[in-house]
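Chemist: You'll find work-v9.txt just under this line, and it carries compact mmCIF, C-alpha atoms and all ligand atoms.
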# COMPACT_ATOMS: atom_id res chain seq x y z
CA MET A 424 -0.48 -30.67 -11.34
CA ILE A 425 1.73 -28.10 -9.55
CA GLU A 426 5.27 -29.19 -8.77
CA PHE A 427 8.04 -27.28 -7.01
CA ARG A 428 11.49 -28.88 -7.24
CA ASP A 429 14.26 -27.40 -5.07
CA VAL A 430 12.90 -23.92 -5.63
CA CYS A 431 14.65 -20.86 -4.23
CA LEU A 432 13.56 -17.30 -4.91
CA THR A 433 15.85 -14.34 -4.26
CA LEU A 434 14.57 -10.79 -4.81
CA ASN A 435 16.91 -7.80 -4.60
CA GLU A 436 19.53 -10.10 -3.07
CA ARG A 437 17.08 -11.09 -0.38
CA PRO A 438 16.21 -14.79 0.06
CA VAL A 439 12.41 -14.86 -0.14
CA LEU A 440 11.79 -18.61 -0.60
CA SER A 441 14.19 -21.50 0.05
CA ASP A 442 14.17 -25.26 -0.48
CA ILE A 443 10.61 -25.42 -1.73
CA ASN A 444 9.68 -28.98 -2.67
CA ALA A 445 6.01 -29.81 -3.05
CA GLU A 446 3.50 -31.42 -5.35
CA LEU A 447 0.14 -29.72 -5.10
CA ALA A 448 -3.05 -31.14 -6.52
CA GLY A 449 -6.71 -30.30 -6.11
CA PRO A 450 -9.27 -29.75 -5.08
CA ARG A 451 -8.10 -27.40 -2.29
CA VAL A 452 -4.71 -26.33 -0.99
CA GLY A 453 -4.42 -23.72 1.75
CA ILE A 454 -1.36 -21.62 2.57
CA ILE A 455 -1.00 -19.98 6.00
CA GLY A 456 1.86 -18.10 7.63
CA ALA A 457 2.82 -14.74 9.08
CA ASN A 458 3.06 -11.53 7.05
CA GLY A 459 6.25 -11.66 5.00
CA SER A 460 6.61 -15.45 5.29
CA GLY A 461 6.41 -15.94 1.50
CA LYS A 462 2.76 -16.86 0.76
CA THR A 463 2.26 -14.37 -2.08
CA SER A 464 5.65 -15.20 -3.59
CA LEU A 465 4.74 -18.89 -3.62
CA LEU A 466 1.49 -18.13 -5.46
CA ARG A 467 3.25 -15.82 -7.92
CA LEU A 468 5.65 -18.61 -8.88
CA ILE A 469 2.68 -20.78 -9.88
CA ASN A 470 1.44 -18.50 -12.64
CA GLY A 471 4.76 -17.02 -13.71
CA LEU A 472 4.42 -13.61 -12.05
CA ALA A 473 7.73 -14.56 -10.40
CA SER A 474 10.51 -16.83 -11.69
CA PRO A 475 12.51 -19.16 -9.46
CA THR A 476 16.13 -18.11 -8.92
CA SER A 477 17.01 -21.80 -8.86
CA GLY A 478 15.05 -25.04 -9.12
CA SER A 479 11.96 -25.49 -11.25
CA VAL A 480 8.21 -25.04 -11.15
CA HIS A 481 5.90 -27.14 -13.34
CA VAL A 482 2.20 -26.38 -13.67
CA LEU A 483 -0.10 -28.50 -15.84
CA GLY A 484 2.99 -29.76 -17.67
CA LEU A 485 4.24 -26.23 -18.40
CA GLN A 486 6.94 -24.08 -16.80
CA PRO A 487 5.35 -20.77 -15.79
CA ASP A 488 8.65 -18.86 -15.99
CA ARG A 489 9.04 -19.94 -19.63
CA ASN A 490 5.42 -20.21 -20.80
CA GLY A 491 3.80 -17.54 -18.66
CA ARG A 492 1.09 -16.63 -21.15
CA ALA A 493 0.08 -20.24 -21.78
CA VAL A 494 0.00 -20.92 -18.05
CA ARG A 495 -2.06 -17.81 -17.28
CA LYS A 496 -4.74 -18.99 -19.72
CA LYS A 497 -5.31 -21.95 -17.39
CA VAL A 498 -4.28 -20.49 -14.05
CA SER A 499 -6.04 -17.39 -12.71
CA PHE A 500 -5.21 -15.13 -9.79
CA LEU A 501 -7.71 -13.56 -7.36
CA PHE A 502 -6.20 -10.71 -5.31
CA SER A 503 -7.26 -9.29 -1.94
CA ASN A 504 -8.43 -5.98 -3.30
CA PRO A 505 -11.44 -6.33 -5.63
CA ASP A 506 -11.20 -2.68 -6.76
CA ALA A 507 -7.90 -3.47 -8.43
CA GLN A 508 -9.55 -6.17 -10.56
CA ILE A 509 -12.61 -4.36 -11.89
CA VAL A 510 -12.02 -2.68 -15.24
CA MET A 511 -15.39 -2.00 -16.87
CA PRO A 512 -18.32 0.27 -15.87
CA THR A 513 -21.06 -2.32 -15.37
CA VAL A 514 -21.11 -5.75 -13.79
CA ALA A 515 -21.96 -7.66 -16.99
CA GLU A 516 -19.50 -5.63 -19.08
CA ASP A 517 -16.73 -6.39 -16.60
CA ILE A 518 -17.32 -10.14 -16.88
CA ALA A 519 -17.67 -9.97 -20.68
CA PHE A 520 -14.33 -8.12 -20.82
CA SER A 521 -12.60 -11.31 -19.62
CA LEU A 522 -13.88 -13.05 -22.75
CA ARG A 523 -12.58 -10.42 -25.19
CA ARG A 524 -9.97 -12.77 -26.62
CA HIS A 525 -12.35 -15.74 -26.89
CA SER A 526 -13.98 -16.14 -30.28
CA LEU A 527 -17.59 -16.27 -29.16
CA SER A 528 -20.81 -15.10 -30.78
CA ASP A 529 -22.76 -12.47 -28.86
CA PRO A 530 -25.37 -14.99 -27.62
CA GLU A 531 -22.63 -17.43 -26.54
CA ARG A 532 -20.82 -14.69 -24.66
CA ASP A 533 -24.02 -13.44 -23.00
CA LEU A 534 -24.85 -16.99 -21.92
CA ARG A 535 -21.47 -17.47 -20.28
CA VAL A 536 -21.65 -14.07 -18.58
CA ASN A 537 -25.10 -14.91 -17.20
CA GLN A 538 -23.93 -18.34 -16.01
CA ALA A 539 -20.98 -16.77 -14.17
CA LEU A 540 -23.27 -14.13 -12.62
CA HIS A 541 -25.61 -16.86 -11.47
CA GLN A 542 -22.74 -18.88 -9.98
CA VAL A 543 -21.72 -15.99 -7.72
CA GLY A 544 -25.28 -14.87 -6.96
CA LEU A 545 -25.09 -11.48 -8.69
CA THR A 546 -27.71 -12.05 -11.41
CA GLU A 547 -29.85 -9.11 -10.32
CA HIS A 548 -26.82 -6.78 -10.52
CA HIS A 549 -26.27 -7.47 -14.26
CA ASP A 550 -26.54 -3.81 -15.34
CA HIS A 551 -25.44 -2.14 -12.11
CA PRO A 552 -22.34 0.07 -12.00
CA ALA A 553 -19.51 -2.18 -10.80
CA HIS A 554 -18.07 0.48 -8.51
CA ALA A 555 -21.40 0.85 -6.68
CA LEU A 556 -21.21 -2.73 -5.38
CA SER A 557 -20.24 -3.53 -1.80
CA SER A 558 -16.71 -4.85 -1.20
CA GLY A 559 -18.03 -8.38 -0.91
CA GLN A 560 -20.05 -8.07 -4.11
CA LYS A 561 -17.01 -6.64 -5.87
CA GLN A 562 -14.97 -9.65 -4.85
CA LEU A 563 -17.77 -11.91 -6.13
CA LEU A 564 -17.68 -9.94 -9.40
CA ALA A 565 -13.90 -10.39 -9.61
CA LEU A 566 -14.50 -14.11 -9.06
CA ALA A 567 -17.18 -14.20 -11.78
CA SER A 568 -14.80 -12.48 -14.21
CA ILE A 569 -12.36 -15.32 -13.53
CA ILE A 570 -14.85 -18.19 -13.51
CA VAL A 571 -16.20 -17.15 -16.92
CA THR A 572 -12.82 -17.95 -18.51
CA GLU A 573 -12.98 -21.51 -17.13
CA PRO A 574 -9.48 -21.77 -15.60
CA GLN A 575 -8.18 -25.12 -14.35
CA ILE A 576 -6.47 -23.64 -11.32
CA LEU A 577 -7.43 -20.60 -9.25
CA LEU A 578 -4.83 -18.93 -7.04
CA CYS A 579 -6.38 -16.77 -4.32
CA ASP A 580 -4.18 -14.43 -2.31
CA GLU A 581 -5.97 -13.55 0.94
CA PRO A 582 -9.23 -13.12 -0.99
CA THR A 583 -11.31 -12.23 2.07
CA THR A 584 -8.89 -9.99 3.97
CA LEU A 585 -10.88 -6.82 3.21
CA LEU A 586 -14.31 -8.38 3.75
CA ASP A 587 -16.62 -8.65 6.74
CA ARG A 588 -17.73 -12.07 7.99
CA ARG A 589 -20.89 -12.28 5.92
CA ASN A 590 -19.15 -11.35 2.67
CA THR A 591 -16.28 -13.67 3.55
CA ARG A 592 -18.77 -16.51 3.91
CA GLU A 593 -20.34 -15.71 0.53
CA VAL A 594 -16.99 -15.64 -1.26
CA ILE A 595 -15.78 -18.82 0.42
CA ASN A 596 -19.03 -20.63 -0.39
CA VAL A 597 -18.52 -19.87 -4.09
CA LEU A 598 -14.85 -20.92 -3.89
CA ASN A 599 -15.75 -24.16 -2.12
CA ASP A 600 -18.25 -25.06 -4.85
CA LEU A 601 -15.83 -24.54 -7.75
CA PRO A 602 -15.03 -27.81 -9.56
CA ILE A 603 -11.40 -26.76 -10.10
CA THR A 604 -8.20 -26.66 -8.06
CA VAL A 605 -8.10 -23.72 -5.65
CA VAL A 606 -4.85 -22.71 -3.93
CA MET A 607 -5.57 -20.04 -1.32
CA SER A 608 -3.46 -18.08 1.13
CA THR A 609 -5.32 -16.70 4.11
CA HIS A 610 -5.02 -15.33 7.63
CA ASP A 611 -8.58 -16.47 8.37
CA LEU A 612 -7.78 -19.87 9.84
CA ASP A 613 -11.46 -20.86 10.04
CA LEU A 614 -11.62 -20.94 6.25
CA ILE A 615 -9.09 -23.76 5.87
CA ARG A 616 -9.79 -25.72 9.07
CA ASP A 617 -11.63 -28.49 7.19
CA TRP A 618 -9.28 -28.61 4.21
CA ASP A 619 -7.25 -31.79 3.67
CA ARG A 620 -4.13 -30.00 2.54
CA VAL A 621 -2.64 -26.87 4.07
CA LEU A 622 0.94 -25.61 3.87
CA VAL A 623 2.46 -23.59 6.69
CA VAL A 624 5.08 -21.15 5.43
CA ASP A 625 7.62 -19.57 7.76
CA GLY A 626 10.70 -17.54 6.81
CA GLY A 627 10.39 -18.57 3.16
CA ARG A 628 10.21 -22.30 3.87
CA ILE A 629 7.36 -24.78 3.96
CA ILE A 630 7.52 -26.01 7.54
CA ALA A 631 4.36 -28.15 7.43
CA ASP A 632 2.32 -29.79 4.68
CA THR A 633 -0.61 -31.41 6.39
CA THR A 634 -4.34 -31.21 7.20
CA GLY A 635 -5.99 -27.90 8.04
CA ILE A 636 -6.38 -28.82 11.72
CA GLU A 637 -2.72 -29.82 12.11
CA ALA A 638 -1.51 -26.86 10.07
CA ILE A 639 -3.41 -24.47 12.34
CA ALA A 640 -1.89 -26.13 15.44
CA THR A 641 1.61 -25.80 13.94
CA TYR A 642 1.03 -22.16 13.01
CA LEU A 643 -0.39 -21.23 16.41
CA LYS A 644 2.55 -22.91 18.17
CA LEU A 645 4.86 -20.79 16.01
CA VAL A 646 3.00 -17.59 16.84
CA ASP A 647 2.97 -18.37 20.56
CA SER A 648 6.62 -19.38 20.79
N1 LIG A 701 10.51 -7.30 -4.86
C1 LIG A 701 10.98 -7.64 -3.66
N2 LIG A 701 12.21 -7.32 -3.27
C2 LIG A 701 12.71 -7.67 -2.05
N3 LIG A 701 12.00 -8.37 -1.16
C3 LIG A 701 10.76 -8.72 -1.48
C4 LIG A 701 10.16 -8.39 -2.74
N4 LIG A 701 8.90 -8.88 -2.77
C5 LIG A 701 8.72 -9.49 -1.58
N5 LIG A 701 9.82 -9.38 -0.81
C6 LIG A 701 10.01 -9.92 0.54
O1 LIG A 701 9.76 -11.29 0.51
C7 LIG A 701 9.18 -11.74 1.72
C8 LIG A 701 7.94 -12.55 1.42
O2 LIG A 701 6.95 -11.69 0.87
P1 LIG A 701 5.51 -12.22 0.47
O3 LIG A 701 5.65 -13.38 -0.43
O4 LIG A 701 4.75 -11.05 -0.01
O5 LIG A 701 4.98 -12.71 1.89
P2 LIG A 701 3.48 -12.87 2.43
O6 LIG A 701 2.56 -12.94 1.26
O7 LIG A 701 3.50 -14.15 3.23
O8 LIG A 701 3.21 -11.68 3.32
C9 LIG A 701 8.92 -10.50 2.53
O9 LIG A 701 9.94 -10.36 3.48
C10 LIG A 701 9.01 -9.37 1.52
O10 LIG A 701 9.45 -8.20 2.11
MG MG A 702 0.95 -11.79 0.79
Please render this file's structure as structure tokens.
Ligand SMILES: Nc1ncnc2c1ncn2[C@@H]1O[C@H](COP(=O)(O)OP(=O)(O)O)[C@@H](O)[C@H]1O
Ligand SMILES: [Mg+2]

Modeler:
Amino acid sequence: MIEFRDVCLTLNERPVLSDINAELAGPRVGIIGANGSGKTSLLRLINGLASPTSGSVHVLGLQPDRNGRAVRKKVSFLFSNPDAQIVMPTVAEDIAFSLRRHSLSDPERDLRVNQALHQVGLTEHHDHPAHALSSGQKQLLALASIIVTEPQILLCDEPTTLLDRRNTREVINVLNDLPITVVMSTHDLDLIRDWDRVLVVDGGRIIADTTGIEAIATYLKLVDS
């Protein structure tokens, strides 16, 4: 589904990722590692926001650096900061905005918006001003605006970093229920403890590709050494 072959990424003459070889498939892949280790860069390669300097990336049979637009129709990106992802005045309008390029009738569009709202538990906020929501609700709205487009892969870059524990739990519960592949970087080790597949990134390399429990042990050893 997602394949990295001998990938290196150099930005401004700085080696950011080196010797990346991995095949990632769903349902859940976690990425942990220190600040600056390369987590965001790895995610950006998957939907063509960055292009490998050498080697190749294949996603759903496409190369994101060559078919970025086609890939981004199937692969969505959830950022840490929900404010940066909200574009329309009200909650329902913001979700409907994601469907602007889909040829849907008004009732079809409304149905999908309402389904997405229901999925993230924001039904009663349908007509509320998006910017009046709490940070956690804003992240759920950002998630609804993605879910409504029915991507096959969701890349989440530290999606709960700005949230308190309760909002983190709400966002992660929605993510865990999604019937699609989720690749998520996080510093909240509790979130990926039970996941079957977690990568540990250090200095631009994947130094472990294992279960959540073993990945956490590897990462903590690294931090303590
Ligand atoms: N445009 C850029 N030019 C030079 N270096 C960059 C650029 N973008 C990221 N980097 C460097 O690449 C490394 C990895 O960054 P990043 O992927 O954002 O790590 P993480 O998400 O794990 O914090 C960092 O050292 C960062 O400073
Ligand atoms: Mg990052």

Chemist: What does the distance between CA of Asp550 (chain A) and CA of Leu578 (chain A) come to in Å, to one decimal place?

Modeler: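 Going from CA of Asp550 (chain A) over to CA of Leu578 (chain A) covers 27.7 Å.
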
Chemist: Calculated over only C-alpha atoms, which of the candidates A:Lys497, A:Lys644, A:Arg532, A:His554 has the smallest distance to Gly484 (chain A)?

Modeler: A:Lys497

Chemist: Check which residues of chain A sit at most 9 Å from ligand LIG 701 (chain A) using all atoms listed in the file, and return one row each with the closest pair of atoms and their distance in Å to one decimal, ordered by chain and rising number, as a tab-separated table.

Modeler:
residue	atom	partner	partner_atom	distance
A:Leu432	CA	A:LIG701	O1	8.9
A:Thr433	CA	A:LIG701	C2	7.7
A:Leu434	CA	A:LIG701	N2	4.5
A:Asn435	CA	A:LIG701	N2	4.9
A:Glu436	CA	A:LIG701	C2	7.3
A:Arg437	CA	A:LIG701	C2	5.8
A:Pro438	CA	A:LIG701	O1	7.4
A:Val439	CA	A:LIG701	O1	4.5
A:Leu440	CA	A:LIG701	C8	7.5
A:Ile454	CA	A:LIG701	O7	8.9
A:Ile455	CA	A:LIG701	O7	7.9
A:Gly456	CA	A:LIG701	O7	6.1
A:Ala457	CA	A:LIG701	O7	5.9
A:Asn458	CA	A:LIG701	O8	3.7
A:Gly459	CA	A:LIG701	O8	3.5
A:Ser460	CA	A:LIG701	O7	4.0
A:Gly461	CA	A:LIG701	O3	3.3
A:Lys462	CA	A:LIG701	O7	3.7
A:Thr463	CA	A:LIG701	O6	3.6
A:Ser464	CA	A:LIG701	O3	3.6
A:Leu465	CA	A:LIG701	O3	6.4
A:Leu466	CA	A:LIG701	O3	8.1
A:Arg467	CA	A:LIG701	O3	8.2
A:Asp580	CA	A:LIG701	O6	7.8
A:Glu581	CA	A:LIG701	O6	8.6
A:Ser608	CA	A:LIG701	O6	7.9
A:Val624	CA	A:LIG701	O7	7.5
A:Asp625	CA	A:LIG701	O7	8.2
A:Gly626	CA	A:LIG701	C8	7.8
A:Gly627	CA	A:LIG701	C8	6.7

Chemist: Name the closest residue to Ser477 (chain A) among the candidates A:Ala493, A:Gln575, A:Asn504, A:Asn444; distances are taken between atoms, counting all atoms listed in the file.

Modeler: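 Going through A:Ala493, A:Gln575, A:Asn504, A:Asn444 one by one, the smallest distance to Ser477 (chain A) is for A:Asn444.
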
Chemist: Record the distance separating CA of Asp442 (chain A) and CA of Asp429 (chain A), expressed in Å with one decimal.

Modeler: 5.1 Å

Chemist: What's the separation between CA of Phe500 (chain A) and CA of Pro512 (chain A), in Å to one decimal place?

Modeler: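 CA of Phe500 (chain A) sits 21.1 Å away from CA of Pro512 (chain A).
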
Chemist: Out of A:Cys579, A:Val606, A:Ile630, A:Ile615, which residue has the shortest atom-to-atom distance to ligand MG 702 (chain A) when counting only C-alpha atoms and all ligand atoms?

Modeler: A:Cys579

Chemist: For Ile595 (chain A), which residue among A:Leu545, A:Ser521, A:Phe427, A:Arg451 is the nearest when counting all atoms listed in the file?

Modeler: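 The answer is A:Arg451, which sits nearest to Ile595 (chain A).
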
Chemist: With only C-alpha atoms as the counted atoms, please give the residues lying no more than 12 Å from Ala640 (chain A), apart from itself and same-chain residues fewer than 6 positions off, as a ChimeraX atom specification.

Modeler: /A:455-456,612,616,621-623,631,633-634,646-647

Chemist: Using only C-alpha atoms and all ligand atoms for the distances, tell me which of A:Leu534, A:Ile629, A:Ala638, A:Met607 is nearest to ligand MG 702 (chain A).

Modeler: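 Ranked by minimum distance to ligand MG 702 (chain A), first place goes to A:Met607.
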
Chemist: In terms of the shortest atom-to-atom distance over only C-alpha atoms, which of A:Ile576, A:His541, A:Arg628, A:Met511 is closest to Ile469 (chain A)?

Modeler: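 When distances to Ile469 (chain A) are compared using only C-alpha atoms, the smallest one comes from A:Ile576.
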
Chemist: Do you know which residues are at most 10 Å from Thr591 (chain A) counting only C-alpha atoms, after dropping those on the same chain fewer than 3 positions away, and could you put them as a list in words?

Modeler: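 Residues meeting the cut-off are Gly559, Gln562, Leu563, Pro582, Thr583, Thr584, Leu585, Leu586, Asp587, Arg588, Val594, Ile595, Asn596, Asp611 and Leu614 of chain A.
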
Chemist: Using C-alpha atoms, can you write the selected residues to a file as a PDB file, keeping the file's coordinate frame?

Modeler:
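File produced: selection07.pdb:
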ATOM      1  CA  GLY A 559     -18.030  -8.380  -0.910  1.00  0.00           C
ATOM      2  CA  GLN A 562     -14.970  -9.650  -4.850  1.00  0.00           C
ATOM      3  CA  LEU A 563     -17.770 -11.910  -6.130  1.00  0.00           C
ATOM      4  CA  PRO A 582      -9.230 -13.120  -0.990  1.00  0.00           C
ATOM      5  CA  THR A 583     -11.310 -12.230   2.070  1.00  0.00           C
ATOM      6  CA  THR A 584      -8.890  -9.990   3.970  1.00  0.00           C
ATOM      7  CA  LEU A 585     -10.880  -6.820   3.210  1.00  0.00           C
ATOM      8  CA  LEU A 586     -14.310  -8.380   3.750  1.00  0.00           C
ATOM      9  CA  ASP A 587     -16.620  -8.650   6.740  1.00  0.00           C
ATOM     10  CA  ARG A 588     -17.730 -12.070   7.990  1.00  0.00           C
ATOM     11  CA  VAL A 594     -16.990 -15.640  -1.260  1.00  0.00           C
ATOM     12  CA  ILE A 595     -15.780 -18.820   0.420  1.00  0.00           C
ATOM     13  CA  ASN A 596     -19.030 -20.630  -0.390  1.00  0.00           C
ATOM     14  CA  ASP A 611      -8.580 -16.470   8.370  1.00  0.00           C
ATOM     15  CA  LEU A 614     -11.620 -20.940   6.250  1.00  0.00           C
TER      16      LEU A 614
END

Chemist: Could you pull region 551-605 of chain A out of the block above and save it with C-alpha atoms, as a PDB file, in the first residue's frame?

Modeler:
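result.pdb was written with the following content:
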ATOM      1  CA  HIS A 551     -22.133  26.743  15.240  1.00  0.00           C
ATOM      2  CA  PRO A 552     -19.290  29.101  14.300  1.00  0.00           C
ATOM      3  CA  ALA A 553     -16.263  26.874  13.700  1.00  0.00           C
ATOM      4  CA  HIS A 554     -13.897  29.238  15.492  1.00  0.00           C
ATOM      5  CA  ALA A 555     -16.015  29.128  18.661  1.00  0.00           C
ATOM      6  CA  LEU A 556     -15.312  25.412  19.134  1.00  0.00           C
ATOM      7  CA  SER A 557     -12.817  24.142  21.709  1.00  0.00           C
ATOM      8  CA  SER A 558      -9.426  22.965  20.418  1.00  0.00           C
ATOM      9  CA  GLY A 559     -10.522  19.350  20.702  1.00  0.00           C
ATOM     10  CA  GLN A 560     -13.776  20.015  18.858  1.00  0.00           C
ATOM     11  CA  LYS A 561     -11.849  21.882  16.168  1.00  0.00           C
ATOM     12  CA  GLN A 562      -9.613  18.879  15.658  1.00  0.00           C
ATOM     13  CA  LEU A 563     -12.720  16.678  15.432  1.00  0.00           C
ATOM     14  CA  LEU A 564     -14.104  19.112  12.847  1.00  0.00           C
ATOM     15  CA  ALA A 565     -10.850  18.931  10.875  1.00  0.00           C
ATOM     16  CA  LEU A 566     -11.182  15.146  11.035  1.00  0.00           C
ATOM     17  CA  ALA A 567     -14.816  15.298   9.841  1.00  0.00           C
ATOM     18  CA  SER A 568     -13.775  17.502   6.913  1.00  0.00           C
ATOM     19  CA  ILE A 569     -11.338  14.757   5.942  1.00  0.00           C
ATOM     20  CA  ILE A 570     -13.588  11.760   6.629  1.00  0.00           C
ATOM     21  CA  VAL A 571     -16.331  13.220   4.419  1.00  0.00           C
ATOM     22  CA  THR A 572     -14.062  12.882   1.358  1.00  0.00           C
ATOM     23  CA  GLU A 573     -13.622   9.146   2.067  1.00  0.00           C
ATOM     24  CA  PRO A 574      -9.820   8.876   1.786  1.00  0.00           C
ATOM     25  CA  GLN A 575      -8.139   5.465   1.746  1.00  0.00           C
ATOM     26  CA  ILE A 576      -5.209   6.574   3.869  1.00  0.00           C
ATOM     27  CA  LEU A 577      -5.077   9.199   6.613  1.00  0.00           C
ATOM     28  CA  LEU A 578      -1.723  10.676   7.642  1.00  0.00           C
ATOM     29  CA  CYS A 579      -1.838  12.305  11.079  1.00  0.00           C
ATOM     30  CA  ASP A 580       1.076  14.441  12.227  1.00  0.00           C
ATOM     31  CA  GLU A 581       0.985  14.708  16.026  1.00  0.00           C
ATOM     32  CA  PRO A 582      -2.793  15.224  15.880  1.00  0.00           C
ATOM     33  CA  THR A 583      -3.234  15.519  19.652  1.00  0.00           C
ATOM     34  CA  THR A 584      -0.185  17.588  20.580  1.00  0.00           C
ATOM     35  CA  LEU A 585      -2.249  20.710  21.331  1.00  0.00           C
ATOM     36  CA  LEU A 586      -5.086  18.878  23.100  1.00  0.00           C
ATOM     37  CA  ASP A 587      -5.775  18.026  26.732  1.00  0.00           C
ATOM     38  CA  ARG A 588      -6.237  14.389  27.774  1.00  0.00           C
ATOM     39  CA  ARG A 589      -9.998  14.299  27.352  1.00  0.00           C
ATOM     40  CA  ASN A 590      -9.924  15.813  23.870  1.00  0.00           C
ATOM     41  CA  THR A 591      -6.998  13.567  22.965  1.00  0.00           C
ATOM     42  CA  ARG A 592      -9.092  10.559  23.946  1.00  0.00           C
ATOM     43  CA  GLU A 593     -12.024  11.764  21.821  1.00  0.00           C
ATOM     44  CA  VAL A 594      -9.859  12.305  18.743  1.00  0.00           C
ATOM     45  CA  ILE A 595      -8.063   8.985  19.163  1.00  0.00           C
ATOM     46  CA  ASN A 596     -11.348   7.126  19.622  1.00  0.00           C
ATOM     47  CA  VAL A 597     -12.569   8.462  16.272  1.00  0.00           C
ATOM     48  CA  LEU A 598      -9.228   7.625  14.617  1.00  0.00           C
ATOM     49  CA  ASN A 599      -9.271   4.101  16.051  1.00  0.00           C
ATOM     50  CA  ASP A 600     -12.757   3.474  14.644  1.00  0.00           C
ATOM     51  CA  LEU A 601     -11.918   4.570  11.089  1.00  0.00           C
ATOM     52  CA  PRO A 602     -12.080   1.665   8.614  1.00  0.00           C
ATOM     53  CA  ILE A 603      -9.081   3.010   6.672  1.00  0.00           C
ATOM     54  CA  THR A 604      -5.303   2.998   7.020  1.00  0.00           C
ATOM     55  CA  VAL A 605      -4.073   5.537   9.563  1.00  0.00           C
TER      56      VAL A 605
END
